[in-house]
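Undergrad: Here you go, this is run.cif (mmCIF, C-alpha atoms).
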data_upload
loop_
_atom_site.label_atom_id
_atom_site.label_comp_id
_atom_site.auth_asym_id
_atom_site.auth_seq_id
_atom_site.Cartn_x
_atom_site.Cartn_y
_atom_site.Cartn_z
CA MET A 621 5.97 -181.68 -11.32
CA ASP A 622 7.16 -183.86 -8.47
CA TYR A 623 3.59 -184.13 -7.22
CA ALA A 624 2.39 -185.24 -10.66
CA MET A 625 5.12 -187.90 -10.85
CA LYS A 626 4.18 -189.23 -7.43
CA SER A 627 0.50 -189.38 -8.41
CA PHE A 628 1.37 -191.20 -11.64
CA SER A 629 3.54 -193.70 -9.75
CA VAL A 630 0.59 -194.54 -7.48
CA LEU A 631 -1.53 -195.51 -10.53
CA THR A 632 0.17 -198.82 -11.18
CA THR A 633 -1.20 -201.70 -13.23
CA SER A 634 -2.42 -203.58 -10.17
CA SER A 635 -4.34 -200.59 -8.82
CA LEU A 636 -5.97 -199.95 -12.20
CA SER A 637 -7.00 -203.59 -12.51
CA LYS A 638 -8.52 -203.48 -9.03
CA CYS A 639 -10.55 -200.39 -9.93
CA VAL A 640 -11.82 -201.97 -13.14
CA THR A 641 -12.70 -205.19 -11.31
CA ALA A 642 -14.56 -203.29 -8.60
CA SER A 643 -16.54 -201.26 -11.15
CA ALA A 644 -17.40 -204.42 -13.10
CA SER A 645 -18.59 -206.19 -9.96
CA MET A 646 -20.72 -203.19 -8.99
CA THR A 647 -22.27 -203.10 -12.48
CA GLN A 648 -23.01 -206.82 -12.27
CA GLN A 649 -24.62 -206.40 -8.85
CA LEU A 650 -26.82 -203.59 -10.14
CA LEU A 651 -27.89 -205.60 -13.17
CA THR A 652 -28.61 -208.71 -11.13
CA GLY A 653 -30.40 -206.62 -8.49
CA ARG A 654 -32.90 -205.44 -11.08
CA ALA A 655 -33.66 -209.02 -12.13
CA SER A 656 -33.56 -210.46 -8.62
CA ARG A 657 -37.34 -210.85 -8.47
CA PRO A 658 -38.41 -214.37 -9.43
CA ARG A 659 -40.90 -214.77 -12.25
CA PRO A 660 -43.73 -217.31 -12.48
CA PHE A 661 -43.72 -220.03 -15.14
CA ARG A 662 -45.87 -223.07 -15.78
CA VAL A 663 -44.01 -226.25 -16.62
CA THR A 664 -45.52 -229.48 -17.93
CA ASN A 665 -44.11 -232.88 -18.75
CA ALA A 666 -43.87 -234.43 -22.22
CA ASP A 667 -47.33 -236.06 -22.19
CA ARG A 668 -48.98 -233.00 -20.57
CA SER A 669 -50.36 -235.09 -17.72
CA LEU A 670 -48.78 -232.93 -15.02
CA LYS A 671 -48.45 -229.16 -14.89
CA LYS A 672 -46.99 -227.07 -12.06
CA GLY A 673 -46.27 -223.42 -11.44
CA ILE A 674 -42.65 -222.61 -10.61
CA MET A 675 -40.96 -219.35 -9.63
CA ALA A 676 -37.44 -218.98 -11.06
CA TYR A 677 -34.74 -216.31 -11.27
CA SER A 678 -32.89 -217.72 -14.26
CA LEU A 679 -32.89 -220.62 -16.71
CA ALA A 680 -30.54 -222.70 -14.56
CA ASP A 681 -32.69 -222.06 -11.49
CA LEU A 682 -35.79 -223.15 -13.42
CA ILE A 683 -34.13 -226.37 -14.60
CA ASN A 684 -33.08 -227.25 -11.05
CA LYS A 685 -36.55 -226.60 -9.65
CA VAL A 686 -38.19 -228.53 -12.49
CA GLY A 687 -36.13 -231.59 -11.65
CA GLU A 688 -37.25 -231.41 -8.02
CA SER A 689 -40.94 -230.59 -8.51
CA LEU A 690 -41.67 -232.89 -11.47
CA SER A 691 -39.30 -235.66 -10.30
CA VAL A 692 -37.29 -235.55 -13.53
CA LEU A 693 -33.92 -237.25 -13.18
CA CYS A 694 -32.24 -235.87 -16.29
CA VAL A 695 -33.54 -232.73 -18.02
CA SER A 696 -32.46 -232.76 -21.66
CA GLY A 697 -34.15 -229.50 -22.60
CA LEU A 698 -36.94 -226.98 -22.20
CA VAL A 699 -39.24 -225.97 -25.05
CA LEU A 700 -42.31 -223.80 -25.40
CA ASP A 701 -45.46 -225.86 -25.08
CA GLU A 702 -47.20 -223.79 -27.75
CA ASP A 703 -44.90 -224.39 -30.73
CA GLY A 704 -41.92 -226.41 -29.44
CA THR A 705 -39.35 -223.59 -29.62
CA GLY A 706 -36.27 -224.52 -27.61
CA VAL A 707 -35.38 -222.40 -24.59
CA ASP A 708 -31.61 -222.82 -24.38
CA THR A 709 -30.21 -219.34 -23.74
CA GLU A 710 -30.54 -217.02 -20.79
CA GLY A 711 -31.41 -214.05 -22.98
CA PHE A 712 -34.32 -215.84 -24.64
CA PHE A 713 -35.49 -217.05 -21.24
CA GLN A 714 -35.48 -213.51 -19.81
CA ALA A 715 -37.42 -212.30 -22.87
CA LEU A 716 -40.27 -214.74 -22.20
CA PRO A 717 -43.39 -213.22 -20.60
CA GLU A 718 -44.54 -214.30 -17.17
CA ASN A 719 -46.73 -217.40 -16.85
CA SER A 720 -45.36 -218.86 -20.09
CA VAL A 721 -46.04 -222.57 -20.48
CA LEU A 722 -42.87 -224.63 -20.92
CA MET A 723 -42.39 -228.33 -21.55
CA VAL A 724 -39.57 -230.29 -19.95
CA LEU A 725 -38.08 -233.06 -22.08
CA GLU A 726 -36.11 -236.01 -20.84
CA LYS A 727 -33.79 -238.21 -22.84
CA ASP A 728 -35.30 -239.60 -26.09
CA GLN A 729 -38.40 -237.40 -25.73
CA LYS A 730 -39.65 -234.96 -28.38
CA TRP A 731 -42.19 -232.21 -28.48
CA THR A 732 -45.57 -233.11 -29.97
CA PRO A 733 -48.43 -230.71 -30.71
CA ASP A 734 -51.42 -230.74 -28.43
CA THR A 735 -54.26 -232.31 -30.41
CA VAL A 736 -56.83 -231.25 -27.85
CA ARG A 737 -55.71 -227.64 -28.17
CA GLU A 738 -55.99 -227.85 -31.97
CA LEU A 739 -59.56 -229.09 -31.63
CA TRP A 740 -60.30 -226.27 -29.22
CA LYS A 741 -58.91 -223.69 -31.62
CA ARG A 742 -61.48 -224.70 -34.20
CA THR A 743 -64.44 -223.90 -31.98
CA ASP A 744 -62.87 -221.71 -29.30
CA VAL A 745 -64.67 -218.41 -28.67
CA ALA A 746 -63.61 -217.57 -25.12
CA ARG A 747 -61.39 -219.34 -22.62
CA LEU A 748 -60.83 -218.52 -18.96
CA THR A 749 -57.79 -219.97 -17.19
CA PHE A 750 -57.12 -219.90 -13.43
CA ASP A 751 -53.59 -220.62 -12.23
CA LEU A 752 -52.96 -220.82 -8.47
CA TYR A 753 -49.30 -220.87 -7.44
CA LYS A 754 -47.05 -220.01 -4.49
CA ASN A 755 -43.93 -217.87 -4.47
CA ASN A 756 -42.95 -219.30 -1.10
CA PRO A 757 -43.93 -222.73 0.28
CA GLU A 758 -44.87 -221.02 3.57
CA ASP A 759 -47.51 -218.81 1.91
CA PHE A 760 -51.05 -219.44 3.13
CA ILE A 761 -52.96 -219.06 -0.15
CA GLY A 762 -50.42 -217.90 -2.71
CA CYS A 763 -51.06 -216.04 -5.95
CA LEU A 764 -53.82 -216.40 -8.52
CA ASN A 765 -53.34 -215.70 -12.22
CA VAL A 766 -56.50 -215.23 -14.28
CA LYS A 767 -56.18 -215.28 -18.07
CA ALA A 768 -59.03 -214.71 -20.52
CA THR A 769 -58.60 -215.50 -24.22
CA PHE A 770 -61.11 -214.50 -26.91
CA TYR A 771 -61.17 -216.24 -30.29
CA GLY A 772 -57.71 -217.60 -29.57
CA VAL A 773 -56.12 -214.24 -30.45
CA TYR A 774 -56.94 -211.58 -27.87
CA SER A 775 -55.89 -212.33 -24.32
CA VAL A 776 -56.11 -210.45 -21.05
CA SER A 777 -54.43 -211.61 -17.85
CA TYR A 778 -54.49 -210.41 -14.28
CA ASP A 779 -52.15 -211.53 -11.52
CA LEU A 780 -53.68 -211.41 -8.02
CA ARG A 781 -51.07 -211.78 -5.29
CA CYS A 782 -52.48 -212.58 -1.84
CA TYR A 783 -49.44 -211.98 0.33
CA ALA A 784 -51.38 -210.74 3.40
CA ALA A 785 -54.13 -213.38 3.37
CA LYS A 786 -52.78 -215.11 6.46
CA LYS A 787 -52.57 -211.81 8.34
CA MET A 788 -56.13 -210.90 7.33
CA LEU A 789 -57.38 -214.31 8.51
CA LYS A 790 -55.66 -213.82 11.87
CA GLU A 791 -57.30 -210.39 12.26
CA ALA A 792 -60.71 -211.85 11.40
CA LEU A 793 -60.26 -214.62 13.97
CA ARG A 794 -59.13 -212.07 16.56
CA TRP A 795 -62.28 -209.99 15.98
CA ALA A 796 -64.43 -213.12 16.15
CA VAL A 797 -62.91 -214.05 19.52
CA PHE A 798 -63.45 -210.49 20.79
CA SER A 799 -67.11 -210.57 19.69
CA MET A 800 -67.65 -213.93 21.41
CA GLN A 801 -66.11 -212.61 24.63
CA ALA A 802 -68.31 -209.48 24.54
CA ALA A 803 -71.43 -211.60 23.94
CA GLY A 804 -70.43 -213.86 26.85
CA HIS A 805 -70.06 -210.88 29.19
CA ILE A 806 -73.46 -209.52 28.14
CA LEU A 807 -75.16 -212.88 28.72
CA LEU A 808 -73.44 -213.29 32.09
CA GLY A 809 -74.53 -209.81 33.25
CA SER A 810 -78.11 -210.41 32.09
CA SER A 811 -78.31 -213.74 33.92
CA CYS A 812 -77.00 -212.16 37.14
CA TYR A 813 -79.61 -209.36 36.92
CA ILE A 814 -82.46 -211.83 36.30
CA GLU A 815 -81.29 -213.97 39.22
CA TYR A 816 -81.26 -210.87 41.46
CA LEU A 817 -84.87 -210.05 40.51
CA LEU A 818 -85.98 -213.62 41.22
CA GLN A 819 -84.27 -213.55 44.62
CA GLU A 820 -86.07 -210.30 45.54
CA GLU A 821 -89.43 -211.84 44.63
CA GLN A 822 -88.63 -214.94 46.67
CA ALA A 823 -87.62 -212.78 49.65
CA ALA A 824 -90.95 -210.91 49.50
CA LYS A 825 -92.80 -214.21 49.61
CA THR A 826 -90.79 -215.45 52.61
CA LEU A 827 -91.58 -212.23 54.56
CA SER A 828 -95.35 -212.82 54.21
CA LEU A 829 -95.10 -216.40 55.51
CA PRO A 830 -94.29 -215.60 59.25
CA GLN A 831 -97.46 -213.47 59.60
CA GLU A 832 -99.64 -216.35 58.40
CA SER A 833 -97.86 -218.77 60.75
CA ARG A 834 -98.50 -216.45 63.73
CA ILE A 835 -102.23 -216.30 62.92
CA ARG A 836 -102.39 -220.07 62.71
CA GLN A 837 -100.55 -220.38 66.06
CA LEU A 838 -103.02 -217.96 67.70
CA GLN A 839 -105.95 -219.92 66.29
CA SER A 840 -104.56 -223.18 67.67
CA MET A 841 -104.09 -221.61 71.15
CA LEU A 842 -107.63 -220.27 71.21
CA LEU A 843 -109.03 -223.58 70.04
CA GLY A 844 -107.13 -225.33 72.81
CA ARG A 845 -108.55 -223.05 75.50
CA ALA A 846 -112.06 -223.35 74.12
CA SER A 847 -111.86 -227.12 74.16
CA GLN A 848 -110.80 -227.04 77.86
CA GLY A 849 -113.77 -224.81 78.84
CA LYS A 850 -111.63 -221.80 79.81
CA PRO A 851 -112.96 -218.29 79.24
CA VAL A 852 -111.88 -216.74 75.97
CA LEU A 853 -111.30 -213.02 75.44
CA VAL A 854 -113.11 -211.94 72.29
CA GLY A 855 -112.78 -208.43 70.89
CA THR A 856 -115.94 -206.55 69.91
CA ALA A 857 -116.73 -203.13 68.55
CA GLY A 858 -117.63 -201.65 71.98
CA GLY A 859 -114.69 -203.18 73.81
CA SER A 860 -113.76 -206.69 74.98
CA ARG A 861 -115.74 -209.22 76.85
CA THR A 862 -115.10 -212.66 78.35
CA THR A 863 -117.21 -215.54 77.23
CA SER A 864 -117.25 -219.25 77.68
CA ALA A 865 -119.05 -220.17 74.51
CA PRO A 866 -119.14 -223.74 73.38
CA LEU A 867 -116.59 -225.10 70.99
CA ASP A 868 -118.53 -224.36 67.80
CA GLY A 869 -119.10 -220.77 68.83
CA SER A 870 -115.44 -220.32 69.72
CA LYS A 871 -114.44 -221.61 66.29
CA LYS A 872 -116.71 -219.08 64.62
CA SER A 873 -115.30 -216.26 66.75
CA LEU A 874 -111.75 -217.36 65.95
CA ASN A 875 -112.55 -217.38 62.27
CA ASN A 876 -114.00 -213.88 62.59
CA LEU A 877 -110.87 -212.79 64.48
CA ALA A 878 -108.63 -214.29 61.82
CA ASP A 879 -110.61 -212.48 59.14
#
Is it possible to give me this structure as structure tokens?
TA:
Amino acid sequence: MDYAMKSFSVLTTSSLSKCVTASASMTQQLLTGRASRPRPFRVTNADRSLKKGIMAYSLADLINKVGESLSVLCVSGLVLDEDGTGVDTEGFFQALPENSVLMVLEKDQKWTPDTVRELWKRTDVARLTFDLYKNNPEDFIGCLNVKATFYGVYSVSYDLRCYAAKKMLKEALRWAVFSMQAAGHILLGSSCYIEYLLQEEQAAKTLSLPQESRIRQLQSMLLGRASQGKPVLVGTAGGSRTTSAPLDGSKKSLNNLAD
């Protein structure tokens, strides 16, 4: 009994209020955590001359970003571009589908129907819409929303999110650089091998040149002796003999020796 009284005394009003506050804050964090992902919307001005894609968490966040991106000083309201329905509550804003087209209105501005769209509805069979937007200003390409509408009633949309486009481009450039380096090494090795073959051929030619120069030197020495009338040693098939032939004969013998 004493233990029960002590336990009951611990549960005062302040402790109970703290527990309730903590549970309420945890519930709010869980609910906001589910809706923490921003959703894409397309916002246009009153005359539909400018349209931009904006990512927003809530209605207040969208209004703040609309004022910055469209350079609107005072936002008086947001309406649906299709029928002019006002978007003034957070619940209605959260119920809107992604990529809904909204119109921002300033002071003394009203929604007007799109006459061009009405003309299109009369003869519209199929319409294909491409919407390119960025979730983060630092994204390389961003996201692409493709929407196809048939007879103005049936619509199909697909949201393509290119988050890793920058990484893929870096990998492609890295492979391109690697291929260029490999091609450079192959060309360098081929040029070195061709140069080596050319040097071997040139060396073979230079080795044959000294033998020809020695023959020419021997011919000049023999011609010099023959012109001075000195005996010249001429080799024959049966041995060698010494002769003092005239100059013309010595030239013929030298030519035969050279041959």
Undergrad: Expressed in Å to a single decimal, how great is the separation between atom CA of Thr769 of chain A and atom CA of Asn665 of chain A?
TA: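 So the two atoms, atom CA of Thr769 of chain A and atom CA of Asn665 of chain A, lie 23.3 Å apart.
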Undergrad: Provide the atom CA of Gly687 of chain A to atom CA of Pro733 of chain A distance in Å, to one decimal place.
TA: 22.7 Å
Undergrad: First collect every listed atom of segment 803-816 of chain A; then fit an axis-aligned box around them, widen it by 4 Å on each side, and give centre and edge lengths in Å to one decimal, as AutoDock Vina command-line options.
TA:
--center_x -76.3 --center_y -211.7 --center_z 32.7 --size_x 20.4 --size_y 12.6 --size_z 25.5
Undergrad: Near Leu764 of chain A, within 8 Å and counting all atoms listed in the file, which residues show up once chain neighbours fewer than 3 positions away are dropped, as a list of chain:residue names?
TA: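 With the cut-off at 8 Å, the set is A:Phe750, A:Asp751, A:Leu752, A:Tyr753, A:Asp779, A:Leu780, A:Arg781, A:Cys782.
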Undergrad: Expressed in Å to a single decimal, how great is the separation between atom CA of Glu702 of chain A and atom CA of Val721 of chain A?
TA: 7.5 Å
Undergrad: Select, from A:Ala746, A:Val776, A:Leu693, A:Leu789, the residue with the minimum atom-to-atom distance to Ile761 of chain A, counting only C-alpha atoms.
TA: A:Leu789
Undergrad: Identify all residues satisfying the PyMOL selection byres ((chain A and resi 698) around 9) in the given file; provide them as a PyMOL selection string.
TA: chain A and resi 683+695-697+699-700+704-708+722-725
Undergrad: Starting from the point (-32.2, -215.7, -20.5), work out which residues of protein, DNA or RNA have an atom no more than 10 Å away when counting only C-alpha atoms; state them as a list in words.
TA: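 Those within range, by chain then number, are Tyr677, Ser678, Leu679, Ala680, Val707, Asp708, Thr709, Glu710, Gly711, Phe712, Phe713, Gln714, Ala715 and Leu716 of chain A.
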Undergrad: On this file, the PyMOL selection byres ((chain A and resi 675) around 7) gives some set of residues; write that set as a list in words.
TA: Pro658, Arg659, Pro660, Phe661, Gly673, Ile674, Ala676 and Asn755 of chain A
Undergrad: Which residue is closest to Ala768 of chain A? Choose from A:Leu818, A:Val745, A:Leu793, A:Leu670 and count all atoms listed in the file.
TA: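 Closest to Ala768 of chain A of all the choices is A:Val745.
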Undergrad: Pick from A:Ser669, A:Ala802, A:Lys790, A:Asp703: nearest to Leu690 of chain A, with all atoms listed in the file counted?
TA: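 For Leu690 of chain A, the nearest of the candidates is A:Ser669.
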